[in-house]
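A.B. asks: This is the structure, below, for whatever I ask next.
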Amino acid sequence: MIYKPGFTFLLFGLLMLVACTEPVPDVMELQTAALSPSAEEIHQRALVLDAHADIEIPGKESRYAGADGRSQVAPYKMRAGGVDAVVMAVAVGPGPRDAQGYAESRAKAEEELAAVIKLTEDPSNNLVLARSADELIGAHRSGKGALILGFQNARILGTDVSALDSFFDAGVRVFALTHMGHNDFADSSRPIYIAEQGAHEPVEEHGGLSELGRSAIKRINELGGIIDVSQLSRAATLQVLDLSSAPVIASHSNVRQLSDVSRNLSDQEIDGIGKSGGVIHVAPFRGYLFDSADKELDDQIRAVRRVAGIEEDYYYPFELYWEIDDAEIQKAFLGSVSDLLGPGKIDDMLEHLDYIVARVGVDHVGIGTDFNHGSGIEGFADASEALNVTTALLARGYSAEEIEKIWGGNFVRVFRETGRLAPGQGPR
């Protein structure tokens, strides 16, 4: 082979010319891409907290358990999804407001409370019962999961405000006064049908909070508990915001402007919670996310309700199913409504989150699933799929810092603040 230096030089020059015609990536873009954390990294670093799930008693039949027959927030599902903490709600539904009814609701609450404590006492679950913000953060740093006890429906208390103290002493830190139906403390956003009277409760019984309810709000503040306004009527929520000396949360509530459900929050309530320094936790619950402005869907849901023999004019699609005595008709009703709503999507939930962020800021939103009570959408059907939410938040333009606030940082701030403001409690 004959060596030709001139040819080699010419060839090198041509190659350089071709190379220079290719687009050169911006150096800053390359650096930014290299430094930007992935969804997995953000999720691992964040304290991922679910602000509301119901308690499944092991061994008891449940229509809300997962396909495996287990809780949607079972410890192994939490670990699989990188969920660090769940607020487990000691909750009861509506029932008689008499001595027997109160005793039965208290017994059910005690059973649920014991079930959560038992979970934390089993070493294989790697869980702690967190009673303060410091304990919650400490669990996260040490690689342990945490359960926080919640409370839903003051029917558990009967008419005894002082009973709040015993639940606080047992570890309960999040308190919601109502579920379905009014009680002696407050009006619910979901009045119930009373079979004995053959009619629904009035929209309001107390005009919001009763005197018992006002006393309960004051006592929760004094104890350092977090007040949860989910399920309260609008009037009751606004009264809580006026009365509470600490920020409040909605543990699992969506936006009424987007989905006209009596259970969802009006703009006035959203603004008030934001102004209080509180947090609204959106839920992946199809019945709180459906497009109520969709006339065709509205007509179809009404038709299904007529066939089932329940009231058409009720905003929440699944509402009143418990009024259907015939088990087969009830099953058909729930299945038909479910088919009409479809599987739901994470983006449906995040549209509600975006709305709240636009209105009151990213410091006032979180996630509260309502798992184990009919909640779940495609891609976020249980705790094991929580990473999908982080991925979707990142895709919508939320920063790593904002995602950490949404997943748990905002709740932790309120948890710490309620403790700090409680008389004689000091920082937590």
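Chain labels run A, B, ... following the order of the structure tokens; each chain numbers its residues from 1, and ligands are numbered from 1 in the order shown.
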With a distance cut-off of 10 Å and only C-alpha atoms, select the neighbouring residues of A:Lys144, excluding the residue or stretch itself and same-chain residues fewer than 2 positions from it, and output the selection as a ChimeraX atom specification.
C.D. replies: /A:79,84-85,125-128,136-142,146
A.B. asks: I'd like the neighbourhood of stretch 49-59 of chain A as JSON, numbers by chain, where a residue qualifies if any of its atoms comes within 9 Å (using only C-alpha atoms), though same-chain residues fewer than 2 positions away should be ignored.
C.D. replies: {"A": [46, 47, 61, 62, 64, 65, 70, 71, 72, 73, 83, 84, 85, 86, 87, 88, 89, 90, 91, 111, 112, 113, 115, 116, 148, 150, 250, 251, 252, 281, 283, 366, 367, 368, 369, 370, 371, 372, 373, 383, 406, 407, 408, 409, 411]}
A.B. asks: Show which residues sit within 8 Å of stretch 101-103 of chain A, as a ChimeraX atom specification. Count only C-alpha atoms, and ignore same-chain residues fewer than 6 positions away.
C.D. replies: /A:95,155-158
A.B. asks: Hey, which of A:Lys275, A:Ile249, A:Arg97, A:Ile310 ends up closest to A:His200? Count only C-alpha atoms.
C.D. replies: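 Between A:Lys275, A:Ile249, A:Arg97, A:Ile310, the residue approaching A:His200 most closely is A:Ile310.
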A.B. asks: List the spatial neighbours of A:Gly274 as an mmCIF file with N, CA and C atoms, in the first residue's frame - criterion: any atom at most 7 Å away, only C-alpha atoms, same-chain residues fewer than 5 positions off excluded.
C.D. replies:
```cif
data_model
loop_
_atom_site.group_PDB
_atom_site.id
_atom_site.type_symbol
_atom_site.label_atom_id
_atom_site.label_comp_id
_atom_site.auth_asym_id
_atom_site.auth_seq_id
_atom_site.Cartn_x
_atom_site.Cartn_y
_atom_site.Cartn_z
ATOM 1 N N VAL A 279 -54.373 21.250 53.542
ATOM 2 C CA VAL A 279 -54.080 20.429 52.362
ATOM 3 C C VAL A 279 -55.338 19.675 51.923
ATOM 4 N N VAL A 360 -55.010 27.532 44.625
ATOM 5 C CA VAL A 360 -54.440 27.872 45.942
ATOM 6 C C VAL A 360 -52.963 27.508 46.088
ATOM 7 N N HIS A 364 -50.776 23.076 48.900
ATOM 8 C CA HIS A 364 -52.066 22.743 49.508
ATOM 9 C C HIS A 364 -52.761 21.560 48.828
#
```
A.B. asks: Tell me which protein, DNA and RNA residues are within 7 Å of A:Tyr288, counting only C-alpha atoms, leaving out same-chain ones fewer than 3 positions away, and put them as a PyMOL selection string.
C.D. replies: chain A and resi 254+259+261+264+285
A.B. asks: How many Å lie between atom CA of A:Arg173 and atom CA of A:Thr237, rounded to one decimal?
C.D. replies: 18.6 Å
A.B. asks: May I ask which of the residues A:Tyr316, A:Gly277, A:Gln100, A:Ser245 is the closest one to A:Asp260, counting only C-alpha atoms?
C.D. replies: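 Counting only C-alpha atoms, the residue closest to A:Asp260 is A:Tyr316.
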A.B. asks: Quick one: distance from atom CA of A:Lys295 to atom CA of A:Leu265 in Å, one decimal?
C.D. replies: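 Distance between the two atoms: 21.5 Å.
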A.B. asks: Please provide the set of residues having any atom within 10 Å of A:Ser262, restricted to only C-alpha atoms, with same-chain residues fewer than 4 positions apart removed, written as a PyMOL selection string.
C.D. replies: chain A and resi 188-191+231-234+256+266+288+314-316
A.B. asks: Once you have the residues from the selection above, write them out as a PDB file, in the first residue's frame, restricted to N, CA and C atoms.
C.D. replies:
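And here is the file that came out, part_12.pdb:
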```pdb
ATOM      1  N   SER A 188     -73.618  16.001  57.292  1.00  0.00           N
ATOM      2  CA  SER A 188     -72.826  15.343  56.260  1.00  0.00           C
ATOM      3  C   SER A 188     -73.140  15.930  54.889  1.00  0.00           C
ATOM      4  N   SER A 189     -72.200  15.807  53.980  1.00  0.00           N
ATOM      5  CA  SER A 189     -72.454  16.204  52.588  1.00  0.00           C
ATOM      6  C   SER A 189     -73.314  15.161  51.887  1.00  0.00           C
ATOM      7  N   ARG A 190     -73.593  14.032  52.566  1.00  0.00           N
ATOM      8  CA  ARG A 190     -74.340  12.931  51.953  1.00  0.00           C
ATOM      9  C   ARG A 190     -75.473  12.477  52.879  1.00  0.00           C
ATOM     10  N   PRO A 191     -76.588  13.218  52.918  1.00  0.00           N
ATOM     11  CA  PRO A 191     -77.727  12.798  53.734  1.00  0.00           C
ATOM     12  C   PRO A 191     -78.200  11.412  53.313  1.00  0.00           C
ATOM     13  N   GLN A 231     -66.204  14.830  53.751  1.00  0.00           N
ATOM     14  CA  GLN A 231     -67.546  14.313  54.038  1.00  0.00           C
ATOM     15  C   GLN A 231     -68.440  15.310  54.773  1.00  0.00           C
ATOM     16  N   LEU A 232     -67.887  16.390  55.309  1.00  0.00           N
ATOM     17  CA  LEU A 232     -68.730  17.406  55.948  1.00  0.00           C
ATOM     18  C   LEU A 232     -69.541  18.170  54.903  1.00  0.00           C
ATOM     19  N   SER A 233     -70.681  18.708  55.319  1.00  0.00           N
ATOM     20  CA  SER A 233     -71.426  19.602  54.444  1.00  0.00           C
ATOM     21  C   SER A 233     -70.615  20.872  54.220  1.00  0.00           C
ATOM     22  N   ARG A 234     -70.992  21.617  53.195  1.00  0.00           N
ATOM     23  CA  ARG A 234     -70.264  22.857  52.908  1.00  0.00           C
ATOM     24  C   ARG A 234     -70.332  23.821  54.090  1.00  0.00           C
ATOM     25  N   ARG A 256     -65.550  20.048  43.073  1.00  0.00           N
ATOM     26  CA  ARG A 256     -66.959  20.049  42.658  1.00  0.00           C
ATOM     27  C   ARG A 256     -67.159  20.773  41.327  1.00  0.00           C
ATOM     28  N   SER A 266     -66.373  22.728  46.988  1.00  0.00           N
ATOM     29  CA  SER A 266     -66.637  23.929  46.208  1.00  0.00           C
ATOM     30  C   SER A 266     -65.386  24.817  46.195  1.00  0.00           C
ATOM     31  N   TYR A 288     -66.092  10.258  42.020  1.00  0.00           N
ATOM     32  CA  TYR A 288     -65.812  11.658  42.353  1.00  0.00           C
ATOM     33  C   TYR A 288     -65.114  12.361  41.194  1.00  0.00           C
ATOM     34  N   TYR A 314     -79.573  12.394  42.205  1.00  0.00           N
ATOM     35  CA  TYR A 314     -78.537  12.367  43.238  1.00  0.00           C
ATOM     36  C   TYR A 314     -77.195  12.430  42.547  1.00  0.00           C
ATOM     37  N   TYR A 315     -76.343  13.358  42.955  1.00  0.00           N
ATOM     38  CA  TYR A 315     -75.150  13.679  42.182  1.00  0.00           C
ATOM     39  C   TYR A 315     -74.110  12.570  42.082  1.00  0.00           C
ATOM     40  N   TYR A 316     -73.960  11.778  43.107  1.00  0.00           N
ATOM     41  CA  TYR A 316     -72.890  10.785  43.117  1.00  0.00           C
ATOM     42  C   TYR A 316     -73.399   9.485  42.498  1.00  0.00           C
TER      43      TYR A 316
END
```
